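Enquirer: Got a structure for you, final_18.cif, holding mmCIF, C-alpha atoms.
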data_structure
loop_
_atom_site.label_atom_id
_atom_site.label_comp_id
_atom_site.auth_asym_id
_atom_site.auth_seq_id
_atom_site.Cartn_x
_atom_site.Cartn_y
_atom_site.Cartn_z
CA MET A 1 31.93 -16.40 -8.38
CA GLU A 2 30.11 -17.75 -5.33
CA ARG A 3 29.78 -14.25 -3.88
CA THR A 4 28.24 -13.03 -7.13
CA GLY A 5 25.57 -15.74 -6.92
CA SER A 6 24.65 -14.84 -3.36
CA ILE A 7 24.51 -11.14 -4.25
CA MET A 8 22.17 -11.87 -7.17
CA GLY A 9 20.04 -14.14 -4.98
CA GLY A 10 19.85 -11.41 -2.35
CA ARG A 11 18.83 -8.82 -4.91
CA ILE A 12 16.10 -11.03 -6.29
CA LEU A 13 14.78 -11.90 -2.82
CA SER A 14 14.85 -8.27 -1.69
CA ALA A 15 13.00 -7.26 -4.86
CA ILE A 16 10.33 -9.95 -4.40
CA ILE A 17 9.52 -9.22 -0.75
CA PRO A 18 7.81 -5.78 -1.13
CA VAL A 19 5.66 -6.84 -4.08
CA GLY A 20 4.95 -10.18 -2.42
CA LEU A 21 3.74 -8.38 0.69
CA GLY A 22 1.50 -6.26 -1.54
CA LEU A 23 0.05 -9.40 -3.14
CA ILE A 24 -0.58 -10.95 0.28
CA ALA A 25 -2.24 -7.72 1.40
CA VAL A 26 -4.56 -7.74 -1.63
CA ILE A 27 -5.59 -11.32 -0.89
CA LEU A 28 -6.05 -10.79 2.86
CA GLY A 29 -7.87 -7.48 2.41
CA ASN A 30 -10.40 -9.06 0.09
CA PHE A 31 -10.78 -12.37 1.90
CA PRO A 32 -14.50 -13.12 2.29
CA ILE A 33 -14.39 -13.46 6.09
CA SER A 34 -15.23 -10.57 8.40
CA PHE A 35 -14.02 -10.62 12.00
CA LEU A 36 -16.38 -7.81 12.96
CA GLY A 37 -19.51 -9.26 11.37
CA GLY A 38 -19.49 -6.84 8.46
CA LEU A 39 -20.04 -3.81 10.71
CA VAL A 40 -17.06 -2.00 9.22
CA PRO A 41 -15.44 -2.39 5.82
CA PRO A 42 -12.07 -4.10 5.61
CA PRO A 43 -9.01 -1.86 5.60
CA LEU A 44 -7.04 -1.16 2.45
CA LEU A 45 -4.23 -3.49 3.47
CA VAL A 46 -2.49 -3.14 0.11
CA LEU A 47 -1.98 0.58 0.68
CA MET A 48 0.28 -0.15 3.66
CA PRO A 49 3.09 -1.91 1.76
CA ILE A 50 2.69 0.54 -1.11
CA TYR A 51 3.19 3.49 1.24
CA TYR A 52 5.96 1.89 3.30
CA TRP A 53 8.08 0.62 0.44
CA ALA A 54 7.53 3.71 -1.73
CA ILE A 55 9.16 5.70 1.08
CA VAL A 56 11.82 3.27 2.32
CA ARG A 57 12.84 1.55 -0.93
CA PRO A 58 11.21 3.25 -3.93
CA ASP A 59 13.42 1.19 -6.23
CA LEU A 60 11.55 -1.92 -5.08
CA MET A 61 8.02 -0.44 -5.27
CA SER A 62 7.89 1.22 -8.66
CA PRO A 63 4.80 2.71 -10.32
CA PHE A 64 4.54 -0.44 -12.45
CA TRP A 65 4.11 -2.65 -9.38
CA ILE A 66 1.72 -0.17 -7.81
CA PHE A 67 -0.39 -0.31 -10.96
CA VAL A 68 -0.33 -4.12 -10.89
CA LEU A 69 -1.37 -4.17 -7.23
CA GLY A 70 -4.13 -1.66 -7.99
CA VAL A 71 -5.46 -3.77 -10.85
CA LEU A 72 -5.45 -6.83 -8.59
CA GLN A 73 -7.28 -4.85 -5.90
CA ASP A 74 -9.85 -3.85 -8.52
CA LEU A 75 -10.30 -7.45 -9.64
CA PHE A 76 -10.55 -8.92 -6.15
CA SER A 77 -12.78 -6.19 -4.70
CA GLY A 78 -15.29 -6.38 -7.54
CA GLY A 79 -15.49 -2.64 -8.11
CA PRO A 80 -15.25 -0.73 -11.36
CA PRO A 81 -12.02 -1.49 -13.21
CA GLY A 82 -9.15 0.93 -12.75
CA VAL A 83 -10.44 2.72 -9.64
CA TRP A 84 -7.81 1.49 -7.20
CA ALA A 85 -5.07 1.33 -9.82
CA ALA A 86 -5.55 5.02 -10.58
CA SER A 87 -6.02 5.92 -6.90
CA PHE A 88 -2.83 4.16 -5.88
CA LEU A 89 -0.88 5.87 -8.67
CA VAL A 90 -2.21 9.27 -7.56
CA THR A 91 -1.18 8.45 -4.00
CA TYR A 92 2.24 7.29 -5.20
CA SER A 93 2.78 10.60 -6.97
CA LEU A 94 2.11 12.38 -3.66
CA ILE A 95 4.49 10.05 -1.83
CA ASP A 96 7.13 10.49 -4.53
CA ASN A 97 6.90 14.29 -4.37
CA GLN A 98 6.97 14.39 -0.56
CA ARG A 99 9.27 11.41 0.12
CA ASP A 100 11.87 13.36 2.11
CA MET A 101 9.26 14.94 4.34
CA LEU A 102 7.33 11.67 4.85
CA ALA A 103 10.51 9.69 5.55
CA GLY A 104 11.50 12.16 8.25
CA LEU A 105 8.29 11.71 10.22
CA SER A 106 8.15 9.55 13.33
CA GLY A 107 5.59 8.62 15.95
CA VAL A 108 2.20 10.28 15.58
CA GLY A 109 3.54 12.36 12.68
CA ALA A 110 4.24 9.20 10.70
CA ILE A 111 0.69 7.98 11.30
CA ILE A 112 -0.68 11.36 10.20
CA GLY A 113 1.50 11.18 7.07
CA PHE A 114 0.02 7.78 6.24
CA ALA A 115 -3.48 9.03 7.07
CA ILE A 116 -3.08 11.88 4.59
CA CYS A 117 -1.92 9.49 1.88
CA ALA A 118 -4.80 7.12 2.70
CA LEU A 119 -7.17 10.08 2.48
CA VAL A 120 -5.78 10.90 -0.97
CA ALA A 121 -6.24 7.27 -2.09
CA CYS A 122 -9.80 7.04 -0.76
CA GLY A 123 -10.64 10.51 -2.06
CA ALA A 124 -9.33 9.70 -5.52
CA ALA A 125 -11.31 6.44 -5.54
CA TYR A 126 -14.43 8.30 -4.41
CA PHE A 127 -13.97 10.90 -7.15
CA ILE A 128 -13.40 8.24 -9.84
CA VAL A 129 -16.48 6.28 -8.75
CA THR A 130 -18.51 9.49 -8.71
CA VAL A 131 -17.50 10.25 -12.30
CA TYR A 132 -17.97 6.60 -13.34
CA TYR A 133 -21.55 6.36 -12.03
CA TRP A 134 -22.48 10.06 -12.44
CA HIS A 135 -23.74 10.43 -8.87
CA PHE A 136 -22.27 10.81 -5.42
CA PRO A 137 -22.05 7.53 -3.53
CA PRO A 138 -22.52 7.58 0.25
CA LEU A 139 -19.51 8.89 2.19
CA ALA A 140 -19.92 6.63 5.23
CA PRO A 141 -18.37 3.47 3.71
CA VAL A 142 -15.36 5.38 2.37
CA THR A 143 -14.87 7.16 5.68
CA ALA A 144 -15.11 3.88 7.61
CA GLU A 145 -12.63 2.24 5.24
CA LEU A 146 -10.25 5.17 5.71
CA ALA A 147 -10.55 4.97 9.50
CA MET A 148 -9.97 1.20 9.53
CA THR A 149 -6.98 1.54 7.21
CA VAL A 150 -5.29 4.12 9.43
CA PHE A 151 -6.10 2.12 12.58
CA VAL A 152 -4.62 -1.10 11.18
CA TYR A 153 -1.57 0.78 9.85
CA VAL A 154 -0.59 1.60 13.43
CA PHE A 155 0.10 -2.11 13.92
CA GLY A 156 1.02 -3.01 10.34
CA VAL A 157 3.96 -0.61 10.22
CA PHE A 158 5.71 -2.69 12.89
CA VAL A 159 5.35 -5.82 10.75
CA LEU A 160 6.62 -4.02 7.65
CA GLY A 161 9.53 -2.49 9.56
CA GLY A 162 10.47 -5.85 11.03
CA ILE A 163 10.45 -7.49 7.60
CA HIS A 164 12.51 -4.65 6.20
CA HIS A 165 15.14 -4.83 8.93
CA ARG A 166 15.24 -8.64 8.99
CA PHE A 167 15.15 -9.47 5.30
CA VAL A 168 15.41 -6.58 2.84
CA GLY A 169 17.94 -4.37 4.64
CA PRO A 170 20.60 -7.08 5.10
CA LEU A 171 20.21 -8.21 1.48
CA ARG A 172 21.13 -4.77 0.16
CA SER A 173 24.38 -4.67 -1.77
CA ASP A 174 26.61 -1.87 -2.97
CA PHE A 175 27.23 -3.36 -6.40
#
Write out the structure in this file as structure tokens.

Expert:
Amino acid sequence: MERTGSIMGGRILSAIIPVGLGLIAVILGNFPISFLGGLVPPPLLVLMPIYYWAIVRPDLMSPFWIFVLGVLQDLFSGGPPGVWAASFLVTYSLIDNQRDMLAGLSGVGAIIGFAICALVACGAAYFIVTVYYWHFPPLAPVTAELAMTVFVYVFGVFVLGGIHHRFVGPLRSDF
């Protein structure tokens, strides 16, 4: 009976960590402090846990949670409602269809895989905003956000991997 309780506790904790990291990323990514004086837009921090966990543990980062994180990103960023929710779901569909290929990438290839998915997310958001406002917004802010997101991912993937190997991986059970 005691083992059953620890297994259930481990499952709950391992299920909370990916979504919790997404929530933290939404909050940090939209925090009203700029370390670079507003010269560049903040990176899409929430896309990093979405991408990582959708590849490594898709059972813990389902489309429902991606939608929730997208809605929260929409609310905190102050943009039109549904832009990031839809963009993240489009990106998730790409990740889901190409999971085996993306999971097999390493080194620079893994960064390029993330960059492509980030490009899809930013491109989908750009397209949705274009349709929403019926004109083309400037490309420079979206391009800068894409570049910052990919640059920060280079470091963020080490944090996500460390959390996965330290907390989520050992809590996995075969039941």

Enquirer: Using the chain letters and numbers from this file, what does the PyMOL selection byres ((chain A and resi 69) around 8) select? Give the answer as a PDB file with C-alpha atoms, in the coordinates of the input.

Expert:
ATOM      1  CA  GLY A  22       1.500  -6.260  -1.540  1.00  0.00           C
ATOM      2  CA  LEU A  23       0.050  -9.400  -3.140  1.00  0.00           C
ATOM      3  CA  VAL A  26      -4.560  -7.740  -1.630  1.00  0.00           C
ATOM      4  CA  VAL A  46      -2.490  -3.140   0.110  1.00  0.00           C
ATOM      5  CA  TRP A  65       4.110  -2.650  -9.380  1.00  0.00           C
ATOM      6  CA  ILE A  66       1.720  -0.170  -7.810  1.00  0.00           C
ATOM      7  CA  PHE A  67      -0.390  -0.310 -10.960  1.00  0.00           C
ATOM      8  CA  VAL A  68      -0.330  -4.120 -10.890  1.00  0.00           C
ATOM      9  CA  GLY A  70      -4.130  -1.660  -7.990  1.00  0.00           C
ATOM     10  CA  VAL A  71      -5.460  -3.770 -10.850  1.00  0.00           C
ATOM     11  CA  LEU A  72      -5.450  -6.830  -8.590  1.00  0.00           C
ATOM     12  CA  GLN A  73      -7.280  -4.850  -5.900  1.00  0.00           C
ATOM     13  CA  ALA A  85      -5.070   1.330  -9.820  1.00  0.00           C
TER      14      ALA A  85
END

Enquirer: Determine, counting only C-alpha atoms, which protein, DNA and RNA residues have an atom within 12 Å of an atom of Leu139 in chain A; residues of the same chain fewer than 2 positions away are not included. Present the result as a count of residues only.

Expert: 16

Enquirer: Give as a PyMOL selection string the residues that the PyMOL selection byres ((chain A and resi 55-60) around 10) matches when applied to the coordinates above.

Expert: chain A and resi 14-19+49-54+61-63+65+92+95-96+98-104+161+164+168-169

Enquirer: Can you work out which one of A:Ile128, A:Met148, A:Val157, A:Ala121 has the shortest atom-to-atom distance to Gly79 in chain A, counting all atoms listed in the file?

Expert: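 That would be A:Ile128, the residue with the smallest distance to Gly79 in chain A.
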
Enquirer: At what distance in Å, to one decimal, does CA of Leu28 in chain A lie from CA of Val83 in chain A?

Expert: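 It comes out at 18.9 Å.
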
Enquirer: What is the distance, in Å and to one decimal place, between CA of Gly38 in chain A and CA of Val108 in chain A?

Expert: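 Computing the Euclidean distance for CA of Gly38 in chain A and CA of Val108 in chain A yields 28.5 Å.
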
Enquirer: Could you state the separation of CA of Gly107 in chain A and CA of Thr91 in chain A in Å, given to one decimal place?

Expert: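 Between CA of Gly107 in chain A and CA of Thr91 in chain A the gap is 21.1 Å.
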
Enquirer: Using only C-alpha atoms, which of A:Val152, A:Ala147, A:Ile163, A:Ala124 sits nearest Leu45 in chain A?

Expert: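 Between A:Val152, A:Ala147, A:Ile163, A:Ala124, the residue approaching Leu45 in chain A most closely is A:Val152.
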
Enquirer: So which residues get picked by the PyMOL selection byres ((chain A and resi 114) around 9) here, written as a count of residues only?

Expert: 16
